[in-house]
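A.B. asks: final_12.txt is reproduced below (compact mmCIF, C-alpha atoms).
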# COMPACT_ATOMS: atom_id res chain seq x y z
CA MET A 14 92.70 46.69 150.43
CA ILE A 15 92.81 48.71 147.22
CA GLN A 16 91.20 47.00 144.24
CA THR A 17 92.63 48.08 140.91
CA GLY A 18 92.21 47.42 137.22
CA LEU A 19 94.67 48.00 134.41
CA ILE A 20 93.90 49.03 130.83
CA GLN A 21 96.88 48.06 128.69
CA SER A 22 97.88 50.36 125.80
CA ALA A 23 94.84 52.60 126.23
CA HIS A 24 96.28 55.19 123.79
CA ASN A 25 99.17 55.48 121.37
CA ASP A 26 100.69 58.34 123.37
CA LEU A 27 100.78 59.82 126.85
CA LEU A 28 97.41 60.08 128.59
CA THR A 29 96.50 63.58 129.70
CA ASP A 30 93.21 63.01 131.54
CA VAL A 31 90.66 60.43 132.63
CA ALA A 32 87.12 61.19 133.77
CA TYR A 33 84.40 58.95 135.20
CA ASP A 34 80.78 59.59 134.42
CA PHE A 35 78.21 60.28 137.14
CA TYR A 36 77.59 56.59 137.85
CA GLY A 37 81.20 55.48 137.65
CA LEU A 38 80.41 52.84 135.03
CA ARG A 39 81.97 54.65 132.07
CA LEU A 40 85.35 56.22 131.66
CA ALA A 41 86.54 58.81 129.15
CA THR A 42 90.25 59.16 128.38
CA CYS A 43 92.23 61.58 126.24
CA SER A 44 95.80 61.77 125.11
CA LEU A 45 98.55 63.53 123.24
CA ASP A 46 97.39 61.48 120.25
CA GLN A 47 94.44 63.92 119.90
CA ARG A 48 91.89 61.17 120.45
CA ILE A 49 89.13 60.54 122.96
CA LYS A 50 88.13 57.05 124.05
CA VAL A 51 85.07 56.08 126.02
CA TRP A 52 85.24 52.86 128.05
CA GLN A 53 82.54 50.85 129.77
CA VAL A 54 83.08 48.47 132.64
CA ASP A 55 81.95 44.87 132.45
CA GLU A 56 80.49 44.43 135.91
CA SER A 57 80.74 40.66 135.70
CA ASN A 58 84.55 40.63 135.57
CA GLY A 59 85.60 44.23 136.18
CA ASN A 60 87.24 44.63 132.77
CA TRP A 61 87.05 47.92 130.86
CA ASN A 62 86.10 47.66 127.19
CA VAL A 63 86.41 50.47 124.66
CA GLU A 64 83.00 51.71 123.59
CA ASP A 65 84.04 54.45 121.19
CA ASP A 66 87.23 56.02 119.88
CA TRP A 67 87.63 59.10 117.69
CA LYS A 68 89.97 61.91 116.74
CA ALA A 69 88.56 64.90 118.59
CA HIS A 70 90.99 67.81 118.12
CA ASP A 71 93.88 69.03 116.01
CA ALA A 72 96.24 69.12 118.98
CA THR A 73 96.66 67.50 122.39
CA VAL A 74 93.39 66.95 124.26
CA SER A 75 94.11 68.31 127.73
CA LYS A 76 90.96 67.74 129.78
CA LEU A 77 87.54 66.07 129.79
CA SER A 78 84.35 66.62 131.77
CA TRP A 79 81.00 64.81 131.87
CA ALA A 80 77.77 66.74 132.25
CA HIS A 81 75.18 65.62 134.78
CA PRO A 82 73.04 62.82 133.29
CA GLU A 83 69.85 64.88 133.63
CA PHE A 84 71.06 66.81 130.56
CA GLY A 85 71.86 63.67 128.57
CA THR A 86 75.11 61.89 127.77
CA ILE A 87 77.32 64.92 127.17
CA LEU A 88 81.09 65.25 127.23
CA ALA A 89 83.23 68.39 126.98
CA SER A 90 86.85 68.33 125.82
CA ALA A 91 89.55 71.00 126.05
CA SER A 92 92.58 71.12 123.78
CA PHE A 93 95.85 72.81 123.00
CA ASP A 94 94.26 73.83 119.68
CA ARG A 95 92.54 76.60 121.74
CA THR A 96 89.08 75.12 121.42
CA VAL A 97 86.54 73.43 123.65
CA LYS A 98 84.18 70.95 122.03
CA ILE A 99 80.83 69.67 123.22
CA TRP A 100 80.03 66.04 122.37
CA GLU A 101 76.79 64.14 122.76
CA GLN A 102 76.13 60.44 122.46
CA THR A 103 73.06 59.82 120.34
CA SER A 104 71.51 57.10 118.22
CA PHE A 105 72.39 56.78 114.53
CA ALA A 106 68.91 57.94 113.55
CA SER A 107 69.43 61.38 115.10
CA THR A 108 72.86 61.97 113.54
CA THR A 109 71.84 62.22 109.92
CA ASP A 110 72.00 66.02 109.90
CA SER A 111 74.82 66.40 112.41
CA GLN A 112 78.59 66.21 112.28
CA THR A 113 79.74 62.91 113.76
CA ASN A 114 83.12 61.73 114.87
CA GLY A 115 83.91 60.49 111.39
CA ALA A 116 83.58 56.77 112.03
CA GLY A 117 82.22 54.99 109.01
CA ALA A 118 79.54 52.36 109.14
CA GLY A 119 82.06 49.57 108.92
CA SER A 120 84.71 51.11 111.14
CA PRO A 121 85.73 49.63 114.50
CA GLN A 122 84.33 52.72 116.23
CA ALA A 123 80.87 52.25 114.77
CA ALA A 124 80.93 48.54 115.51
CA SER A 125 82.00 49.01 119.11
CA CYS A 126 79.35 51.57 120.03
CA GLY A 127 76.40 49.58 118.66
CA SER A 128 73.49 51.84 117.75
CA SER A 129 74.95 55.07 119.14
CA ARG A 130 77.64 57.53 118.20
CA TRP A 131 79.27 60.66 119.62
CA VAL A 132 78.30 63.84 117.81
CA GLU A 133 80.12 67.16 117.87
CA ARG A 134 77.45 69.66 118.91
CA ALA A 135 79.43 72.88 119.46
CA VAL A 136 82.92 74.35 119.26
CA LEU A 137 83.91 77.18 121.62
CA VAL A 138 86.73 79.28 120.17
CA ASP A 139 87.06 82.28 122.51
CA ALA A 140 90.33 81.25 124.16
CA ARG A 141 93.48 83.14 123.18
CA GLY A 142 95.73 80.44 124.59
CA THR A 143 95.80 76.69 125.02
CA VAL A 144 92.77 75.49 126.96
CA ARG A 145 94.02 73.61 130.01
CA ALA A 146 90.90 72.69 131.97
CA VAL A 147 87.15 72.34 131.52
CA GLU A 148 84.45 71.46 134.02
CA PHE A 149 80.66 71.43 133.95
CA ALA A 150 78.96 73.34 136.75
CA PRO A 151 76.90 71.50 139.37
CA HIS A 152 73.58 70.57 137.76
CA HIS A 153 71.48 72.84 140.01
CA PHE A 154 73.01 75.85 138.22
CA GLY A 155 71.87 74.59 134.82
CA LEU A 156 73.92 73.43 131.88
CA LYS A 157 76.98 75.63 132.37
CA LEU A 158 80.62 75.10 131.62
CA ALA A 159 83.82 76.66 132.98
CA THR A 160 87.13 76.71 131.12
CA VAL A 161 90.57 78.09 131.88
CA SER A 162 93.32 78.68 129.35
CA SER A 163 96.94 79.80 129.31
CA ASP A 164 95.83 83.39 128.64
CA ASN A 165 94.88 83.32 132.36
CA HIS A 166 91.16 83.74 131.64
CA VAL A 167 88.34 81.75 133.17
CA ARG A 168 85.35 81.65 130.85
CA ILE A 169 81.84 80.60 131.83
CA TYR A 170 79.49 79.36 129.11
CA GLU A 171 75.77 78.71 129.37
CA CYS A 172 73.82 76.52 126.98
CA LEU A 173 70.86 78.42 125.54
CA GLU A 174 69.38 75.51 123.58
CA GLN A 175 69.57 72.34 125.62
CA SER A 176 67.64 70.39 123.02
CA SER A 177 70.32 70.84 120.35
CA LEU A 178 73.38 71.89 122.46
CA ALA A 179 74.35 74.09 119.52
CA THR A 180 74.18 77.56 121.10
CA TRP A 181 76.47 78.45 124.00
CA GLN A 182 76.67 81.97 125.38
CA LEU A 183 79.87 83.34 126.92
CA SER A 184 78.28 84.67 130.11
CA GLU A 185 81.47 85.54 132.00
CA GLU A 186 85.12 86.14 131.16
CA VAL A 187 87.49 86.72 134.07
CA ASP A 188 91.19 87.52 133.92
CA VAL A 189 92.29 85.66 137.04
CA SER A 190 95.76 87.22 137.04
CA THR A 191 94.39 90.78 137.32
CA LEU A 192 91.31 90.09 139.43
CA PRO A 193 91.97 91.84 142.77
CA SER A 194 92.92 89.44 145.53
CA ALA A 195 91.78 89.56 149.09
CA SER A 196 93.40 92.32 151.13
CA LEU A 197 96.95 91.68 152.32
CA SER A 198 95.97 91.34 155.96
CA SER A 199 93.29 88.81 155.12
CA SER A 200 95.31 86.79 152.62
CA TYR A 201 98.25 86.44 155.00
CA SER A 202 96.03 85.51 157.91
CA VAL A 203 94.41 82.68 155.98
CA ALA A 204 97.67 81.31 154.62
CA PHE A 205 99.08 78.50 156.77
CA ALA A 206 102.79 79.16 156.44
CA THR A 207 104.46 76.05 155.05
CA PRO A 208 107.85 76.47 153.37
CA THR A 209 107.84 75.38 149.75
CA GLN A 210 110.66 73.64 147.97
CA THR A 211 113.12 75.69 145.96
CA SER A 212 113.27 73.33 143.02
CA ALA A 213 110.92 71.16 141.00
CA THR A 214 111.09 68.94 137.98
CA LEU A 215 109.71 70.48 134.80
CA GLU A 216 108.77 67.32 132.94
CA GLY A 217 108.24 67.67 129.23
CA ALA A 218 109.62 71.20 128.98
CA SER A 219 112.22 72.08 126.40
CA ALA A 220 115.59 73.48 127.43
CA THR A 221 114.62 76.89 126.13
CA LEU A 222 111.43 77.06 128.17
CA VAL A 223 113.22 75.82 131.27
CA ALA A 224 115.87 78.51 130.84
CA GLN A 225 113.17 81.15 130.47
CA ALA A 226 111.42 79.91 133.58
CA LEU A 227 114.64 79.98 135.62
CA GLN A 228 115.45 83.46 134.38
CA GLN A 229 111.96 84.60 135.27
CA SER A 230 112.14 83.18 138.80
CA GLN A 231 115.47 84.88 139.41
CA ASN A 232 114.30 88.26 138.13
CA PRO A 233 112.69 90.19 141.00
CA ALA A 234 111.15 92.65 138.55
CA THR A 235 108.91 89.97 137.08
CA GLN A 236 108.51 87.69 140.09
CA GLY A 237 104.91 87.62 141.21
CA ARG A 238 103.70 89.75 138.32
CA PRO A 239 100.95 88.01 136.35
CA GLY A 240 101.28 87.49 132.65
CA MET A 241 105.05 87.96 132.49
CA GLY A 242 107.25 85.63 130.47
CA ASN A 243 106.48 82.29 128.88
CA ARG A 244 104.33 80.28 131.27
CA GLU A 245 103.52 77.33 129.02
CA ALA A 246 106.32 75.13 130.40
CA ASP A 247 106.21 75.81 134.13
CA GLY A 248 102.69 77.15 134.64
CA GLY A 249 99.55 75.53 135.91
CA TRP A 250 95.91 76.24 135.05
CA CYS A 251 93.11 74.57 136.97
CA ILE A 252 89.50 75.13 138.06
CA SER A 253 86.94 73.49 140.33
CA TRP A 254 83.35 74.43 141.13
CA CYS A 255 81.93 74.72 144.64
CA LYS A 256 79.49 71.81 144.92
CA ASP A 257 77.25 73.47 147.54
CA ARG A 258 74.19 75.17 146.08
CA TYR A 259 73.64 77.45 149.08
CA TRP A 260 76.61 79.72 148.41
CA GLY A 261 75.82 80.35 144.76
CA GLU A 262 78.18 80.05 141.83
CA ILE A 263 81.70 79.98 143.25
CA ILE A 264 84.76 78.61 141.51
CA ALA A 265 88.35 77.97 142.59
CA ALA A 266 90.89 78.89 139.92
CA GLY A 267 94.65 78.90 139.61
CA CYS A 268 96.72 80.42 136.78
CA GLY A 269 100.40 80.71 135.91
CA VAL A 270 103.17 80.19 138.44
CA SER A 271 101.85 82.24 141.35
CA GLY A 272 101.21 79.15 143.47
CA ALA A 273 97.93 80.62 144.70
CA ILE A 274 94.29 79.67 144.19
CA LYS A 275 91.62 82.35 144.02
CA ILE A 276 88.09 81.66 145.24
CA ILE A 277 85.91 83.63 142.83
CA GLN A 278 82.23 84.40 143.24
CA LEU A 279 80.19 84.77 140.06
CA SER A 280 76.99 86.78 139.99
CA PRO A 281 74.74 87.94 137.13
CA SER A 282 74.17 91.27 138.88
CA ARG A 283 77.78 92.36 139.37
CA ARG A 284 81.35 91.72 138.33
CA PRO A 285 83.16 88.66 139.71
CA ILE A 286 84.94 89.18 143.02
CA THR A 287 87.66 87.31 144.89
CA LEU A 288 86.32 85.98 148.17
CA LEU A 289 89.60 84.45 149.27
CA THR A 290 93.13 83.69 148.09
CA LEU A 291 94.68 80.37 149.12
CA ASP A 292 98.41 81.03 149.21
CA PRO A 293 100.74 78.59 151.04
CA SER A 294 103.81 80.82 150.75
CA PRO A 295 105.36 82.00 154.03
CA SER A 296 103.99 85.05 155.75
CA PRO A 297 106.03 88.26 155.90
CA ALA A 298 108.22 89.10 158.86
CA GLY A 299 106.38 89.52 162.13
CA LEU A 300 103.45 87.24 161.28
CA PRO A 301 103.16 83.78 162.89
CA THR A 302 104.31 80.70 161.02
CA GLU A 303 103.59 77.00 161.49
CA ALA A 304 105.98 76.70 164.40
CA GLY A 305 104.66 79.86 166.05
CA THR A 306 107.80 81.85 165.28
CA SER A 307 108.41 84.74 162.92
CA LEU A 308 110.22 84.66 159.62
CA ALA A 309 113.39 86.66 159.19
CA SER A 310 112.94 89.79 157.14
CA ASP A 311 115.85 89.19 154.81
CA GLY A 312 113.72 89.53 151.68
CA ASP A 313 114.54 85.97 150.59
CA THR A 314 111.24 84.28 149.78
CA PRO A 315 110.94 80.85 148.16
CA THR A 316 110.04 80.69 144.51
CA PRO A 317 106.32 79.93 144.06
CA PHE A 318 105.44 76.86 142.06
CA ALA A 319 102.41 76.41 139.87
CA ILE A 320 99.30 74.69 141.18
CA THR A 321 98.44 72.07 138.56
CA SER A 322 95.21 70.75 140.05
CA VAL A 323 92.50 71.90 142.44
CA ALA A 324 89.50 69.95 143.70
CA TRP A 325 86.57 71.27 145.74
CA ALA A 326 85.13 68.53 147.93
CA PRO A 327 81.38 67.87 148.22
CA SER A 328 80.28 69.41 151.52
CA CYS A 329 77.91 66.63 152.64
CA GLY A 330 76.52 68.73 155.48
CA ARG A 331 79.79 70.12 156.81
CA SER A 332 79.84 73.70 158.04
CA TYR A 333 83.08 74.30 156.16
CA HIS A 334 84.57 73.39 152.78
CA LEU A 335 87.58 71.25 151.93
CA ILE A 336 89.70 72.22 148.94
CA ALA A 337 92.67 70.15 147.80
CA THR A 338 95.53 71.37 145.64
CA GLY A 339 98.45 69.67 143.94
CA GLY A 340 101.46 71.50 142.56
CA ARG A 341 104.73 71.26 140.74
CA ASP A 342 106.55 71.48 144.07
CA GLY A 343 105.30 67.95 144.80
CA HIS A 344 102.96 69.00 147.62
CA VAL A 345 99.37 67.89 148.13
CA ARG A 346 97.60 70.36 150.43
CA ILE A 347 94.17 70.25 151.98
CA TRP A 348 92.56 73.56 152.92
CA ARG A 349 89.75 74.01 155.40
CA VAL A 350 87.70 76.94 154.12
CA LYS A 351 85.18 78.61 156.40
CA PRO A 352 82.46 80.64 154.64
CA ALA A 353 81.18 83.98 155.85
CA GLU A 354 78.65 83.83 158.64
CA GLU A 355 76.30 86.09 156.73
CA GLU A 356 75.27 85.85 153.10
CA PRO A 357 78.44 85.96 150.96
CA ASP A 358 76.89 88.29 148.38
CA VAL A 359 76.37 91.14 150.86
CA GLU A 360 78.69 93.94 149.84
CA GLY A 361 80.53 95.88 152.49
CA GLU A 362 82.01 99.28 151.94
CA GLY A 363 85.72 98.57 151.72
CA GLY A 364 85.37 95.62 154.08
CA ASP A 365 87.70 92.64 154.00
CA PRO A 366 86.45 89.32 152.66
CA LYS A 367 84.59 87.34 155.30
CA TRP A 368 85.82 83.91 154.21
CA SER A 369 88.80 82.36 155.97
CA ALA A 370 90.98 79.31 155.46
CA ASN A 371 93.89 77.33 156.84
CA VAL A 372 95.89 74.30 155.75
CA VAL A 373 94.97 71.12 157.63
CA ALA A 374 97.28 68.76 155.76
CA ASP A 375 100.41 69.11 153.66
CA PHE A 376 101.98 66.03 152.06
CA ASP A 377 105.10 65.74 149.89
CA HIS A 378 105.11 61.96 149.54
CA HIS A 379 105.13 62.08 145.74
CA LYS A 380 108.57 63.75 145.74
CA SER A 381 107.75 65.04 142.25
CA ALA A 382 105.16 67.18 140.49
CA VAL A 383 101.53 66.36 141.30
CA GLY A 384 99.34 66.21 138.21
CA ARG A 385 95.89 65.57 139.65
CA VAL A 386 93.92 65.62 142.90
CA GLU A 387 90.32 64.41 143.17
CA TRP A 388 87.79 63.72 145.94
CA ASN A 389 85.41 60.82 146.28
CA ILE A 390 81.67 61.48 146.10
CA THR A 391 81.34 62.17 149.85
CA GLY A 392 84.44 64.35 150.16
CA THR A 393 86.04 62.04 152.72
CA VAL A 394 88.85 60.46 150.69
CA LEU A 395 91.30 62.36 148.50
CA SER A 396 93.33 60.78 145.72
CA SER A 397 96.41 62.28 144.10
CA ALA A 398 98.51 61.27 141.11
CA GLY A 399 102.12 62.34 140.71
CA ASN A 400 105.04 62.00 138.38
CA ASP A 401 106.40 59.31 140.69
CA GLY A 402 103.99 57.00 138.90
CA ARG A 403 101.76 56.41 141.91
CA VAL A 404 98.19 57.21 142.90
CA ARG A 405 97.98 57.96 146.61
CA LEU A 406 94.92 58.06 148.85
CA TRP A 407 94.46 60.37 151.85
CA LYS A 408 91.85 60.16 154.58
CA ALA A 409 91.13 61.80 157.93
CA THR A 410 91.27 59.42 160.90
CA ILE A 411 88.91 59.41 163.84
CA GLY A 412 91.22 61.85 165.58
CA ASN A 413 90.83 64.26 162.64
CA VAL A 414 94.40 63.67 161.51
CA TRP A 415 94.91 63.37 157.77
CA ARG A 416 97.10 60.46 156.80
CA THR A 417 97.86 58.21 153.87
CA ALA A 418 95.31 55.49 153.20
CA GLY A 419 97.45 53.60 150.69
CA SER A 420 98.93 53.94 147.24
CA ILE A 421 99.19 52.02 144.02
CA GLY A 422 101.47 52.11 141.01
CA VAL A 423 101.21 50.70 137.53
CA GLU A 424 103.91 48.20 138.44
CA GLN A 425 101.62 46.94 141.26
CA SER A 426 104.49 46.88 143.73
CA GLU A 427 103.93 46.83 147.45
CA ASP A 428 104.04 50.23 149.04
CA THR A 429 105.90 50.95 152.23
CA GLN A 430 103.89 52.25 155.14
CA ASP A 431 103.96 56.03 155.30
CA ALA A 432 104.10 57.92 158.56
CA ASP A 433 101.06 59.74 159.86
CA VAL A 434 100.80 63.44 159.18
CA ASN A 435 99.63 65.42 162.19
CA MET A 436 98.99 69.11 161.63
CA GLY A 437 98.44 69.72 165.34
CA GLU A 438 95.83 72.32 166.15
CA ASN A 439 95.06 72.76 162.46
CA THR A 440 93.41 69.35 162.18
CA ILE A 441 89.77 69.33 161.22
CA ALA A 442 87.31 69.96 163.99
CA GLU A 443 83.79 68.85 163.26
Could you take the file, read its structure, and then write that structure out as structure tokens?
C.D. replies:
Amino acid sequence: MIQTGLIQSAHNDLLTDVAYDFYGLRLATCSLDQRIKVWQVDESNGNWNVEDDWKAHDATVSKLSWAHPEFGTILASASFDRTVKIWEQTSFASTTDSQTNGAGAGSPQAASCGSSRWVERAVLVDARGTVRAVEFAPHHFGLKLATVSSDNHVRIYECLEQSSLATWQLSEEVDVSTLPSASLSSSYSVAFATPTQTSATLEGASATLVAQALQQSQNPATQGRPGMGNREADGGWCISWCKDRYWGEIIAAGCGVSGAIKIIQLSPSRRPITLLTLDPSPSPAGLPTEAGTSLASDGDTPTPFAITSVAWAPSCGRSYHLIATGGRDGHVRIWRVKPAEEEPDVEGEGGDPKWSANVVADFDHHKSAVGRVEWNITGTVLSSAGNDGRVRLWKATIGNVWRTAGSIGVEQSEDTQDADVNMGENTIAE
């Protein structure tokens, strides 16, 4: 049975993101209303009460991320105003010389947060487009932050003064759209060929942007070329860190409308490289597809749809990684990624990437764009939220078949039982 709670009228406009803290007892939300709210659960009755509320940006707040608690109570926010802000919760005594969220002593915000207040510690202004995602690195890499913006750049920041959080160094800046992908033979071999839909709903886009997107998809000269056209309406920008310390700093990133996710390795001693490209589009003629047949070489390939969310599962001792993606085509896909047998940072002269991957589950139950996918703390249950107004749960059964584990909507209606999804020989093998 799924236990749920409902926060009525959390914001004055559409919510864009919610993020739990490390312990799951606090919740940060952001919205088109440019505000951030921090909620705390009352464990006696399960109700969520607002702890603080402030205007954080001059435009829509797109994403939030909590830092690991060993660094303090720190929150990062990304916005369409092209900035990322670092916030810290501190006591009133330590905020005398700092810029606070603007809540006066007698304001509801100050009253609700008792003897503490959120302080703006730093503003990162390097993005040349709207900042769409932000995520703190796993704590064993230090206090680092990754961002991705609509200029197709992933930026990695490192805090140089953890005591004040005021100085952040831009340690890496990667143009994902131009970063070389894995070789063609490797990228096609890792792609589990699953036909994508040829249409998707572009919620919230103006007629002009929709027309531009359609024109772009129908123009073979620009199709598949990064950075072409206006991607704000139909694009997707997302990032997720690899949680496993052994493989070093690796991040999954998606940009634009390519429909692909690049697995990027970061290293202080060399330029970032693409270890693997996760691309669900069909293979070219002559290569095997899901049914074991070959695609016709008529040159008619489905239009790729943006990946709006990516989530790297905690490994928890597995010999492989699980990466989930959600896209505007309404599909939730789970990839089984197998690392190289040798150290991944060993360079080979012109050799192909050693990592491999295949799709082990592909769901289209949302029947509309998927806005978010997220794993539980053990990487065994995946949740997805779509424009159908439902949050769906996915779990692997004993037979290593991924299937739905339930769903819930705001209307709290009963959900019909969904059929099992069996990916045959591509199911997970422990």
A.B. asks: Enter the distance from atom CA of Val373 of chain A to atom CA of Leu335 of chain A, in Å, rounded to one decimal.
C.D. replies: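 Straight-line distance from atom CA of Val373 of chain A to atom CA of Leu335 of chain A works out to 9.3 Å.
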A.B. asks: I'd like the interatomic distance between atom CA of Ile320 of chain A and atom CA of Thr391 of chain A, to a tenth of an Å.
C.D. replies: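 Interatomic distance here is 23.5 Å.
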A.B. asks: Need to verify the contact set: Asp66 of chain A, 8 Å, only C-alpha atoms, exclusion of same-chain residues closer than 6 positions in sequence. Can you return it as a list in words?
C.D. replies: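 Surrounding residues, per the criterion: Arg48, Ile49, Lys50, Val51 and Gln122 of chain A.
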A.B. asks: Fewer than 5 positions away in the same chain doesn't count, so skip those; otherwise give me all residues within 7 Å of Arg134 of chain A, counting all atoms listed in the file, as a PDB file with C-alpha atoms, in the frame of the given file.
C.D. replies:
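That gives us part-v2.pdb:
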ATOM      1  CA  ILE A  99      80.830  69.670 123.220  1.00  0.00           C
ATOM      2  CA  TRP A 100      80.030  66.040 122.370  1.00  0.00           C
ATOM      3  CA  GLU A 101      76.790  64.140 122.760  1.00  0.00           C
ATOM      4  CA  LEU A 178      73.380  71.890 122.460  1.00  0.00           C
ATOM      5  CA  ALA A 179      74.350  74.090 119.520  1.00  0.00           C
TER       6      ALA A 179
END
A.B. asks: For Ala32 of chain A, work out the shell of residues within 7 Å, counting only C-alpha atoms and skipping chain neighbours fewer than 5 positions away, then give it as a ChimeraX atom specification.
C.D. replies: /A:40-42,77-78
